[in-house]
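Undergrad: Quick one, entry_13.cif (mmCIF, C-alpha atoms):
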```cif
data_query
loop_
_atom_site.label_atom_id
_atom_site.label_comp_id
_atom_site.auth_asym_id
_atom_site.auth_seq_id
_atom_site.Cartn_x
_atom_site.Cartn_y
_atom_site.Cartn_z
CA SER J 268 0.00 0.00 0.00
CA SER J 269 1.00 3.63 -0.33
CA GLY J 270 2.67 5.44 2.56
CA THR J 271 6.10 6.56 3.67
CA PHE J 272 9.49 4.89 4.01
CA THR J 273 11.54 6.27 6.89
CA THR J 274 15.33 6.17 6.84
CA THR J 275 17.48 6.79 9.90
CA GLY J 276 20.77 7.04 8.04
CA THR J 277 22.33 7.44 4.61
CA GLY J 278 23.45 4.88 2.07
CA THR J 279 22.64 3.12 -1.20
CA VAL J 280 19.37 1.25 -1.73
CA GLU J 281 18.20 -0.98 -4.57
CA ILE J 282 14.71 -0.16 -5.79
CA LEU J 283 12.03 -1.55 -8.11
CA ILE J 284 9.02 0.59 -9.02
CA VAL J 285 6.21 -0.92 -11.13
CA GLY J 286 3.12 0.98 -12.25
CA GLY J 287 -0.32 -0.61 -12.20
CA GLY J 288 -1.22 -2.73 -15.23
CA GLY J 289 -3.81 -1.51 -17.74
CA GLY J 290 -7.22 -3.14 -17.98
CA SER J 291 -8.24 -4.86 -21.20
CA GLY J 292 -10.90 -3.54 -23.53
CA GLY J 293 -14.34 -5.08 -23.80
CA CYS J 294 -15.37 -7.14 -26.81
CA ALA J 295 -17.93 -6.05 -29.37
CA THR J 296 -20.01 -8.46 -31.44
CA ASN J 297 -17.51 -10.90 -32.98
CA THR J 298 -14.67 -8.44 -32.33
CA ASP J 299 -12.07 -8.72 -29.55
CA GLY J 300 -11.00 -5.99 -27.18
CA GLY J 301 -7.29 -5.25 -26.85
CA SER J 302 -5.26 -6.53 -23.90
CA GLY J 303 -3.97 -4.18 -21.21
CA GLY J 304 -0.39 -2.95 -21.19
CA GLY J 305 1.95 -3.78 -18.31
CA GLY J 306 2.91 -1.01 -15.95
CA GLY J 307 6.06 0.93 -16.65
CA VAL J 308 9.13 -0.15 -14.66
CA LEU J 309 11.97 1.77 -13.03
CA THR J 310 14.82 -0.14 -11.38
CA GLY J 311 18.37 0.41 -10.17
CA ASN J 312 20.29 1.85 -7.22
CA ILE J 313 19.83 5.26 -5.65
CA THR J 314 21.68 7.04 -2.85
CA VAL J 315 19.72 8.22 0.16
CA VAL J 316 21.59 11.40 1.10
CA SER J 317 19.83 12.26 4.36
CA PRO J 318 17.61 10.63 6.99
CA GLY J 319 13.87 11.29 6.80
CA GLU J 320 10.57 10.24 5.27
CA HIS J 321 10.17 9.29 1.60
CA THR J 322 6.76 9.21 -0.06
CA ILE J 323 5.66 5.94 -1.67
CA THR J 324 2.69 5.57 -4.01
CA VAL J 325 1.48 2.21 -5.36
CA GLY J 326 -0.64 2.42 -8.51
CA LEU J 327 -3.92 0.53 -8.80
CA GLY J 328 -4.68 -1.74 -11.73
CA GLY J 329 -6.72 -0.29 -14.58
CA THR J 330 -10.42 -1.05 -14.82
CA ALA J 331 -11.91 -3.51 -17.30
CA GLY J 332 -13.70 -2.20 -20.38
CA SER J 333 -17.37 -3.03 -20.83
CA GLY J 334 -18.66 -5.33 -23.55
CA GLY J 335 -21.03 -4.07 -26.23
CA THR J 336 -22.70 -4.79 -29.54
CA SER J 337 -21.34 -2.19 -31.97
CA SER J 338 -18.23 -1.39 -29.90
CA GLY J 339 -16.53 -2.37 -26.65
CA GLY J 340 -15.50 -0.04 -23.86
CA ASN J 341 -11.83 0.86 -23.47
CA GLY J 342 -9.85 -0.58 -20.57
CA GLY J 343 -8.66 1.92 -17.98
CA ASN J 344 -5.02 2.92 -17.55
CA GLY J 345 -3.21 1.62 -14.48
CA GLY J 346 -2.23 4.07 -11.77
CA ASN J 347 1.26 5.49 -11.41
CA SER J 348 3.63 4.12 -8.74
CA ALA J 349 6.30 6.35 -7.23
CA PHE J 350 9.15 6.68 -4.76
CA ASP J 351 9.62 10.39 -4.06
CA SER J 352 10.08 11.99 -7.53
CA PHE J 353 10.72 8.71 -9.37
CA VAL J 354 7.54 7.67 -11.22
CA ALA J 355 6.67 4.41 -13.01
CA TYR J 356 3.65 5.11 -15.20
CA GLY J 357 0.55 2.94 -15.24
CA GLY J 358 0.08 0.65 -18.24
CA GLY J 359 -2.22 1.69 -21.06
CA GLY J 360 -5.71 0.28 -21.24
CA GLY J 361 -6.57 -2.01 -24.12
CA GLY J 362 -8.83 -0.62 -26.80
CA GLY J 363 -12.38 -1.91 -26.86
CA GLY J 364 -13.58 -3.65 -30.01
CA TYR J 365 -13.33 -1.10 -32.85
CA SER J 366 -11.17 1.23 -30.65
CA ALA J 367 -7.55 2.30 -30.30
CA GLY J 368 -5.23 1.06 -27.57
CA LYS J 369 -4.35 3.63 -24.91
CA SER J 370 -0.85 4.90 -24.21
CA GLY J 371 0.80 4.23 -20.84
CA GLY J 372 3.94 2.89 -19.16
CA SER J 373 3.62 0.09 -21.70
CA GLY J 374 0.93 0.61 -24.31
CA GLY J 375 -2.38 -1.19 -24.50
CA GLY J 376 -3.20 -3.44 -27.44
CA GLU J 377 -5.54 -2.09 -30.09
CA GLY J 378 -9.06 -3.44 -30.32
CA GLY J 379 -10.12 -5.67 -33.19
CA ASN J 380 -11.02 -3.99 -36.49
CA TYR J 381 -9.03 -0.88 -35.59
CA ASP J 382 -5.52 0.29 -36.46
CA SER J 383 -3.94 2.28 -33.63
CA VAL J 384 -1.83 0.76 -30.84
CA GLY J 385 -1.12 2.28 -27.46
CA THR J 386 2.42 3.65 -27.23
CA ALA J 387 4.85 3.33 -24.33
CA THR J 388 5.49 6.47 -22.24
CA GLN J 389 7.95 5.09 -19.67
CA THR J 390 11.44 6.58 -19.79
CA SER J 391 14.55 6.25 -17.65
CA GLN J 392 14.89 8.66 -14.73
CA SER J 393 18.55 8.90 -13.77
CA PRO J 394 19.99 6.93 -12.10
CA LEU J 395 17.10 4.46 -12.55
CA THR J 396 16.54 2.60 -15.83
CA GLY J 397 13.03 2.65 -17.32
CA TYR J 398 11.28 -0.12 -19.25
CA GLY J 399 8.12 -0.06 -21.36
CA TYR J 400 7.03 -1.13 -24.86
CA ASN J 401 4.18 -0.46 -27.27
CA GLY J 402 1.00 -2.50 -27.47
CA GLY J 403 0.36 -4.90 -30.32
CA SER J 404 -1.50 -4.28 -33.57
CA GLY J 405 -4.48 -6.56 -34.17
CA SER J 406 -5.50 -8.37 -37.33
CA GLY J 407 -9.10 -8.11 -38.44
CA ALA J 408 -11.40 -9.01 -35.57
CA TYR J 409 -8.45 -10.19 -33.47
CA ALA J 410 -7.04 -7.59 -31.10
CA GLY J 411 -3.46 -6.79 -30.18
CA GLY J 412 -1.67 -7.92 -27.04
CA GLY J 413 -0.63 -5.42 -24.41
CA GLY J 414 2.93 -4.17 -24.33
CA GLY J 415 5.19 -5.37 -21.53
CA ALA J 416 8.25 -4.05 -19.74
CA GLY J 417 10.37 -6.57 -21.64
CA GLY J 418 8.85 -6.41 -25.14
CA ALA J 419 6.04 -5.18 -27.37
CA GLY J 420 2.66 -6.86 -27.69
CA SER J 421 1.96 -8.92 -30.80
CA GLY J 422 -0.80 -9.00 -33.39
CA THR J 423 -2.01 -12.37 -32.11
CA SER J 424 -3.20 -10.93 -28.79
CA THR J 425 -0.04 -12.17 -27.11
CA GLY J 426 1.25 -9.79 -24.46
CA GLY J 427 4.77 -8.45 -24.42
CA ALA J 428 7.22 -10.05 -22.01
CA GLY J 429 7.66 -8.66 -18.54
CA ILE J 430 10.93 -8.37 -16.65
CA VAL J 431 12.10 -10.86 -14.05
CA SER J 432 13.47 -9.60 -10.75
CA SER J 433 14.60 -11.31 -7.54
CA ILE J 434 14.72 -8.15 -5.45
CA SER J 435 12.03 -9.57 -3.13
CA GLY J 436 14.02 -12.77 -2.56
CA SER J 437 11.93 -14.73 -5.10
CA SER J 438 12.11 -14.68 -8.89
CA ILE J 439 8.96 -12.85 -10.06
CA THR J 440 7.84 -11.53 -13.46
CA TYR J 441 6.59 -7.95 -13.37
CA ALA J 442 4.72 -5.80 -15.92
CA HIS J 443 3.79 -8.49 -18.47
CA GLY J 444 1.38 -7.39 -21.17
CA GLY J 445 -2.10 -8.91 -21.18
CA ASN J 446 -2.74 -11.98 -23.37
CA ARG J 447 -5.70 -13.49 -25.22
CA SER J 448 -7.12 -15.29 -22.20
CA SER J 449 -9.50 -14.69 -19.32
CA ASN J 450 -7.33 -13.58 -16.41
CA ALA J 451 -7.13 -10.31 -14.59
CA GLY J 452 -3.63 -9.00 -13.90
CA THR J 453 -2.12 -10.41 -10.71
CA ALA J 454 -2.00 -7.99 -7.78
CA ASN J 455 1.38 -6.39 -7.00
CA THR J 456 2.91 -7.32 -10.36
CA GLY J 457 1.71 -4.54 -12.67
CA ASN J 458 0.63 -7.13 -15.26
CA GLY J 459 -1.93 -6.09 -17.86
CA GLY J 460 -5.40 -7.59 -17.97
CA ASP J 461 -6.13 -10.28 -20.57
CA THR J 462 -8.65 -9.80 -23.33
CA TYR J 463 -11.60 -12.15 -22.89
CA PRO J 464 -12.13 -13.66 -26.38
CA THR J 465 -15.92 -13.94 -26.34
CA SER J 466 -18.42 -11.76 -28.20
CA GLN J 467 -19.70 -8.78 -26.17
CA GLN J 468 -17.85 -9.82 -23.01
CA PRO J 469 -16.20 -7.26 -20.71
CA GLY J 470 -12.44 -7.11 -20.35
CA LYS J 471 -10.29 -7.89 -17.33
CA ALA J 472 -8.74 -5.51 -14.81
CA GLY J 473 -4.99 -4.93 -14.64
CA GLY J 474 -2.88 -5.90 -11.64
CA SER J 475 -1.82 -3.31 -9.08
CA GLY J 476 1.78 -2.11 -9.11
CA ILE J 477 4.42 -2.36 -6.43
CA VAL J 478 7.38 -0.52 -4.91
CA ILE J 479 10.17 -2.65 -3.41
CA ILE J 480 13.18 -1.17 -1.61
CA ARG J 481 16.12 -3.32 -0.61
CA TYR J 482 18.86 -1.86 1.49
CA TYR J 483 22.04 -3.29 2.93
CA MET J 484 22.83 -3.08 6.63
CA SER J 485 26.50 -2.54 5.87
CA SER J 486 25.66 0.74 4.10
CA ILE J 487 24.14 2.19 7.30
CA TYR J 488 25.34 0.15 10.29
CA ASP J 489 28.49 -1.78 11.18
CA ALA J 490 28.25 -5.25 12.72
CA THR J 491 30.77 -6.43 15.32
CA PRO J 492 32.38 -9.90 14.92
CA THR J 493 33.38 -12.10 17.86
CA GLY J 494 35.84 -14.74 16.73
CA THR J 495 35.40 -15.65 13.02
CA THR J 496 38.02 -15.38 10.29
CA PHE J 497 37.92 -13.25 7.16
CA VAL J 498 37.65 -15.30 3.90
CA ASP J 499 36.66 -14.83 0.26
CA GLY J 500 32.87 -14.66 -0.12
CA LYS J 501 30.20 -14.94 -2.81
CA TYR J 502 30.68 -11.22 -3.49
CA GLY J 503 33.77 -9.68 -1.89
CA GLY J 504 34.75 -10.73 1.62
CA ALA J 505 32.96 -12.99 4.09
CA ARG J 506 33.27 -14.38 7.61
CA SER J 507 33.91 -18.03 8.51
CA PHE J 508 32.38 -19.34 11.76
CA ASN J 509 33.68 -22.20 13.91
CA GLY J 510 30.17 -23.52 14.59
CA SER J 511 30.29 -23.00 18.36
CA SER J 512 31.48 -19.69 19.79
CA ASP J 513 31.83 -17.40 16.75
CA TYR J 514 29.11 -14.84 16.03
CA ILE J 515 28.43 -11.36 14.66
CA SER J 516 26.36 -8.78 16.53
CA ALA J 517 24.33 -6.22 14.56
CA GLY J 518 22.98 -4.47 17.64
CA MET J 519 19.40 -4.14 18.80
CA MET J 520 16.66 -4.58 16.18
CA SER J 521 15.11 -1.28 17.30
CA THR J 522 18.10 0.65 15.96
CA PHE J 523 17.13 -0.14 12.37
CA GLY J 524 14.26 2.33 12.29
CA SER J 525 10.51 2.09 11.89
CA GLN J 526 10.61 -0.09 8.75
CA ILE J 527 12.20 -3.17 10.34
CA GLY J 528 8.78 -4.80 10.81
CA THR J 529 8.30 -5.01 7.03
CA SER J 530 11.90 -5.61 5.99
CA THR J 531 13.81 -8.67 4.81
CA VAL J 532 17.23 -9.64 6.17
CA GLU J 533 19.19 -12.00 3.93
CA ALA J 534 22.69 -13.51 3.73
CA TRP J 535 24.76 -15.87 1.60
CA VAL J 536 25.63 -18.97 3.69
CA LYS J 537 27.95 -21.83 2.65
CA THR J 538 27.92 -24.86 4.96
CA THR J 539 30.71 -27.38 5.48
CA ASN J 540 28.55 -29.99 7.24
CA THR J 541 24.76 -30.22 6.87
CA SER J 542 24.24 -33.27 9.10
#
```
Would you kindly transcribe this structure into structure tokens?

TA:
Amino acid sequence: SSGTFTTTGTGTVEILIVGGGGGSGGCATNTDGGSGGGGGVLTGNITVVSPGEHTITVGLGGTAGSGGTSSGGNGGNGGNSAFDSFVAYGGGGGGGGYSAGKSGGSGGGEGGNYDSVGTATQTSQSPLTGYGYNGGSGSGAYAGGGGGAGGAGSGTSTGGAGIVSSISGSSITYAHGGNRSSNAGTANTGNGGDTYPTSQQPGKAGGSGIVIIRYYMSSIYDATPTGTTFVDGKYGGARSFNGSSDYISAGMMSTFGSQIGTSTVEAWVKTTNTS
């Protein structure tokens, strides 16, 4: 949800910002609606130069377009997600049957029997890299797929690829363009809504976006080793423990600020005996 992120020190943080996915357009009689575009993506490292509160906004998924006889309703654009002044734009809504795709972070697919795709508006915002692609162009009554953060939508209602990130600790695909199927975009991924390939049926909503911030304790606090030896690690140096009396103290949990309750602490560990 939206809110604030409070820092009690300075340092470098890794960040992923994904706008809400666009909703797909509704179908007209024998004419598909276009799929929703994935939310725009910003990712990279930024430097927090002073302690304080930072505003976070998480964009909602775009609404589904209504079905109709002579034309379908357009899908709604996803909402923008932001960390302070860095903004990932919501994905474009898919065009309803006989309608153009809407522009957004990644563009929405055009509706069937129309010739105008939604274009991508996401750009890089230094030092973060931006990702977003255009929606797909349909063919006859078949609509175009929504654009994704990793590629453009196609003319066969196939959504553009998203991008895969492990910033949360799990490998997850974000900001995939909507396909020719019957699924709403998954919450907290920024995926576009699918087009529902049935005459006069409404579209599907896009998935809400997400903002993930990963920071390293070593960039703000120093830990104190007792025992241990310094060795080569997965990345840079590491500490080797004797399995009995060696340990590292990072201080009291309360010193890490108000966000510790929703944070993840992780480490690379190599064992010598797993029995």

Undergrad: Ranking J:Ala387, J:Val478, J:Ile430, J:Cys294 by minimum distance to J:Ala442 and counting all atoms listed in the file, which one comes first?

TA: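 Nearest to J:Ala442: J:Ile430.
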
Undergrad: Would you list the contacts of J:Pro464 as an NGL selection string, taking every protein, DNA or RNA residue within 12 Å and counting only C-alpha atoms, but skipping same-chain residues closer than 2 positions in sequence?

TA: :J and (291-302 or 334 or 363-364 or 378-379 or 408-412 or 423-424 or 446-450 or 461-462 or 466-471)

Undergrad: From the set J:Ser370, J:Ser512, J:Asn344, J:Ser404, which residue has the shortest atom-to-atom contact distance to J:Thr330, counting all atoms listed in the file?

TA: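 Distance minimum relative to J:Thr330 lands on J:Asn344.
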
Undergrad: Which neighbours of stretch 307-311 of chain J fall inside 6 Å, counting all atoms listed in the file, when residues of the same chain fewer than 3 positions from it are skipped, and could you give them as a PyMOL selection string?

TA: chain J and resi 281-286+355-356+372-373+389+395-399

Undergrad: Figure out the distance between atom CA of J:Thr279 and atom CA of J:Thr390, please, to one decimal in Å.

TA: 22.0 Å
